[in-house]
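Student: Quick one: this structure, given as structure tokens, is what I'll be asking you about.
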Amino acid sequence: MLKVKRELEEKITDWAFAQGVGDGLRFTLERPADKKHGHYSSNLALVLSKALAKKPQDIAQDFVNSFNSPDFLEKIEIAGPGFLNFYLSRQALANILKEDFSLSSKFSGKKVLLEHSSPNLFKPFHIGHLVNNSYGEALSRMLSLAGASVKTLAFPSDVSPGIAKAVWAIKDLRLKDFSIEDIGKAYAYGSEKYKTDTVVKNQVDELNAKIYNYLYGKTEKDKDIEIYERGKELSLKFFLKTLDLLDSQIDDFIFESEAEKEGKKIVFENSPGVFEESEGAYIFRGSKYGLFDNVFVNSAGFGTYLAKDLGLLKIKFSKYDFDKSITITDAEQKEHFALLKKSAELINKTWAEKSDFLQHGRMAPSSGKFSSRLGNVPLAEDILSEAQEAVEEKIKESGKGDLKNARYIALAALKYGVLKVSMGKSIVWDKEKALSFEGDSGPYLQYSYARARSVLKKSSKEAELANLSNFDAPDNLLGSELVFELLYMDDIFEDAVETLSPHKLANYANKLASAFNAFYANEKIIASTDEQFKLFLVNRFANTMKILLEAMSIRALDEM
RNA sequence: GCUCCCGUAGUUCAAUGGAUAGAACAAGUCCCUCCUAAGGAUUAGAUGCAGGUUCGAUUCCUGCCGGGAGCACCA
């Protein structure tokens, strides 16, 4: 009911201006926590108290007396310290419930470039990537539903000392026809050797340089490069397979090796100036801006992560046309991107202005932390298959449900588990919780949706619902929790998209499902009094939930 | 050490400076001859500590305590 809200906001503002309140007017018009407080509630009178030098209660009374109340309002009440509670009329409620969703936001019609799920080739896709992908995919779908044109991008790391370690190890272990699993083991082995053996360290460093040179076309292909290329190809294939498994899609790739070239060029072009030479490396003095100094091009002449990201920024702006570029990464990289953005701003202001770097929390066990050094990082595919097995077991036990849905239910549990937490906060990985499918969970949403679909199917009146003309709703149903929740879809959606907060959708979806399930338990629907209106509500719920699930990249299942 | 982020029921999470701090899991008690019990109903349980700003603070400010991250050639 976004339209109603906008109109009401305008009218209230007009009223306030008529009282002689100037520009600094700031009041809220929001959904009250309790539906007893009306459909919208405003703190206008409390806010104006000082400026008008009157008691909030008196201002509220003035408001009620002189407000030019629009048709859609039934009444306005004054409550508590001076809140204005607005109640919509029956007709207005009916209209809102019948309207199509207006999933608009400030991103409607805008072009967005969304970077997420960037893999480190030669390294496994682990739990952290799962978090990144869940947020990234959800944001991509939310923005698309809100009418933005979204292009998703991943930035695979295809050149780094870490990769050289893996290639060195594959060679050292004489692994022929190696698999993706072999690469994972080789990387661990190479990393260990690199730390303890200086001969190995030198060999790996040389190999790293060789890979760079090869990518620049300065070196011919040899046995090492063949290993590198095969590993890169296997890693990429594995990544694509994983994306597919996660029901996620990336439209385009830009590789670090490409970005490194561009980045280095930018650094040299701006040295001295933005960058300066120090101890054989090219650095950015972030400390001048309250940040920290760090290396963009190292003394061996290779661009670091910072130069690579700077190069990526340039490539983005020359290759694509967009209004906003959004990059989603781990919270660990917060300072890195602050530094990057500052340096970018000094080179090209629009680069910084049009780019947002969002961080999500890290996934951590309930005590300690995940680290590849400790070897306790759960892999994405293991988590998924474990979750899937748990679902399959449940389906077999109950004897109900289709096994082919198991994967989607498992995914729903994992994705929702991530999405319900607001993005900045670190997330605790609790296997028990992640594999439980009750209560505030993804499968609970899917289940509620399936129930609604099932009722609609059995009623065999689905077709009539689209043109429900006789909107004869009894008061108890019109005032129900379910109706109350259904009204706010547009409001919540707009807020979630504009603040790039998938968790707001997740929380709303849970409240909505909970209201539906209570309704379902209390009301007989088919062959009951008010059957038509009840079916209408069930249908409205199903349509709303379907969009919410889609926005979170969770499959809406007709049966489960 | 410096900088930044976070501390809400036993646990995992909500709450643009607003009304009685909401859920879920775990614990207790009910509800399947009825549209899917992956459900519903119900009991008990929380803002780290100390100040400050405000008509009003979980939210903003200061200090302390506790946890995490970043801080020069990894990404």
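Going by the structure tokens order, chains are called A, B, ..., each with residues numbered from 1, while ligands are numbered from 1 in the order shown.
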For a quick test of understanding: name the residues of chain A lying within 7 Å of chain B when counting only C-alpha atoms (C1' of nucleotides), and present them as a list in words.

Tutor: Gly80, Ala281, Phe292, Asp293, Asn294, Val295, Asn298, Ser299, Tyr305, Glu332, Glu335, Val421, Phe437, Glu438, Gly439, Asp440, Pro443, Tyr444, Tyr447, Arg451, Val455, Asn517, Ala518, Ala521, Ile525 and Ile526 of chain A

Student: Those residues you just picked out, can you put them in a file as a PDB file, in the first residue's frame with C-alpha atoms?

Tutor:
```
ATOM      1  CA  GLY A  80      -0.072   7.428  24.106  1.00  0.00           C
ATOM      2  CA  ALA A 281      57.360  -0.914  -4.184  1.00  0.00           C
ATOM      3  CA  PHE A 292      46.793   3.158   6.367  1.00  0.00           C
ATOM      4  CA  ASP A 293      49.681   2.855   3.921  1.00  0.00           C
ATOM      5  CA  ASN A 294      49.691  -0.160   1.691  1.00  0.00           C
ATOM      6  CA  VAL A 295      51.411  -1.628  -1.334  1.00  0.00           C
ATOM      7  CA  ASN A 298      55.169  -4.945  -4.962  1.00  0.00           C
ATOM      8  CA  SER A 299      58.939  -4.772  -5.322  1.00  0.00           C
ATOM      9  CA  TYR A 305      45.120  -7.156  -4.558  1.00  0.00           C
ATOM     10  CA  GLU A 332      37.564  -8.749   6.466  1.00  0.00           C
ATOM     11  CA  GLU A 335      39.484  -1.503   5.189  1.00  0.00           C
ATOM     12  CA  VAL A 421      20.834 -12.012   9.613  1.00  0.00           C
ATOM     13  CA  PHE A 437      13.898 -27.123   9.245  1.00  0.00           C
ATOM     14  CA  GLU A 438      11.426 -25.840  11.790  1.00  0.00           C
ATOM     15  CA  GLY A 439      10.284 -22.436  12.926  1.00  0.00           C
ATOM     16  CA  ASP A 440      12.117 -19.416  11.592  1.00  0.00           C
ATOM     17  CA  PRO A 443      11.615 -24.746   4.717  1.00  0.00           C
ATOM     18  CA  TYR A 444       8.960 -23.233   7.007  1.00  0.00           C
ATOM     19  CA  TYR A 447       5.930 -25.388   3.613  1.00  0.00           C
ATOM     20  CA  ARG A 451      -0.027 -25.543   2.060  1.00  0.00           C
ATOM     21  CA  VAL A 455      -5.802 -25.475  -0.592  1.00  0.00           C
ATOM     22  CA  ASN A 517      -0.363 -20.668   9.433  1.00  0.00           C
ATOM     23  CA  ALA A 518      -2.361 -19.279  12.343  1.00  0.00           C
ATOM     24  CA  ALA A 521      -5.193 -23.532  11.808  1.00  0.00           C
ATOM     25  CA  ILE A 525     -11.492 -22.609   4.293  1.00  0.00           C
ATOM     26  CA  ILE A 526     -13.045 -24.899   1.720  1.00  0.00           C
TER      27      ILE A 526
END
```

Student: Could you give me, as a Markdown table, every segment 63-159 of chain A residue with an atom at most 9 Å from segment 8-26 of chain A, plus its closest atom pair and distance in Å to one decimal, counting only C-alpha atoms, rows ordered by chain then number?

Tutor:
```
| residue | atom | partner | partner_atom | distance |
| --- | --- | --- | --- | --- |
| A:Phe63 | CA | A:Trp15 | CA | 7.9 |
| A:Ser66 | CA | A:Trp15 | CA | 8.4 |
| A:Phe67 | CA | A:Trp15 | CA | 6.7 |
| A:Asn68 | CA | A:Lys11 | CA | 7.7 |
| A:Ser69 | CA | A:Lys11 | CA | 8.2 |
| A:Pro70 | CA | A:Leu8 | CA | 7.8 |
```

Student: Measuring between only C-alpha atoms, which one of A:Ala344, A:Ala169, A:Ala45, A:Leu512 shows the shortest distance to Thr544 of chain A?

Tutor: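 Between A:Ala344, A:Ala169, A:Ala45, A:Leu512, the residue approaching Thr544 of chain A most closely is A:Leu512.
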
Student: Run DSSP on the backbone of this structure and report the residues of segment 176-246 of chain A it assigns to alpha helix (DSSP H), as an MDAnalysis selection string.

Tutor: chainID A and resid 180:196 198:215 223:245

Student: Using atom CA of Tyr214 of chain A and atom CA of Ile283 of chain A as the two end points, give the distance in Å to one decimal.

Tutor: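 Distance reported for this atom pair: 25.4 Å.
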
Student: Mind listing the strand (DSSP E) residues of segment 138-238 of chain A, per DSSP on the backbone, as an MDAnalysis selection string?

Tutor: chainID A and resid 149:154

Student: Would you save the residues of that selection, restricted to N, CA and C atoms, as a PDB file, in the first residue's frame?

Tutor:
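And here's result-v2.pdb as it stands now:
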```pdb
ATOM      1  N   SER A 149      17.879  -3.159 -14.009  1.00  0.00           N
ATOM      2  CA  SER A 149      18.490  -4.123 -14.907  1.00  0.00           C
ATOM      3  C   SER A 149      19.851  -4.479 -14.312  1.00  0.00           C
ATOM      4  N   VAL A 150      19.975  -5.736 -13.914  1.00  0.00           N
ATOM      5  CA  VAL A 150      21.128  -6.157 -13.120  1.00  0.00           C
ATOM      6  C   VAL A 150      22.057  -7.041 -13.939  1.00  0.00           C
ATOM      7  N   LYS A 151      23.324  -6.716 -13.897  1.00  0.00           N
ATOM      8  CA  LYS A 151      24.325  -7.588 -14.498  1.00  0.00           C
ATOM      9  C   LYS A 151      25.228  -8.087 -13.377  1.00  0.00           C
ATOM     10  N   THR A 152      25.372  -9.409 -13.286  1.00  0.00           N
ATOM     11  CA  THR A 152      26.210  -9.953 -12.208  1.00  0.00           C
ATOM     12  C   THR A 152      27.585 -10.312 -12.746  1.00  0.00           C
ATOM     13  N   LEU A 153      28.537 -10.110 -11.882  1.00  0.00           N
ATOM     14  CA  LEU A 153      29.928 -10.237 -12.281  1.00  0.00           C
ATOM     15  C   LEU A 153      30.708 -10.937 -11.178  1.00  0.00           C
ATOM     16  N   ALA A 154      31.612 -11.825 -11.593  1.00  0.00           N
ATOM     17  CA  ALA A 154      32.536 -12.391 -10.612  1.00  0.00           C
ATOM     18  C   ALA A 154      33.958 -12.084 -11.064  1.00  0.00           C
TER      19      ALA A 154
END
```

Student: Write out as a list of chain:residue names each polymer residue whose atoms come within 7 Å of segment 529-543 of chain A, counting only C-alpha atoms (C1' of nucleotides); drop sequence neighbours fewer than 4 positions from it.

Tutor: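 Within the cut-off, the hits are A:Tyr449, A:Ala452, A:Arg453, A:Leu456, A:Leu465, A:Phe471, A:Asp472, A:Ala473, A:Leu486, A:Ile525, A:Ile547.
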
Student: Which of these, B:C60, B:A26, B:C65, B:C31, has the shortest distance to G48 of chain B once you count only C-alpha atoms (C1' of nucleotides)?

Tutor: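 Checking each candidate against G48 of chain B, we get B:C65 as the closest.
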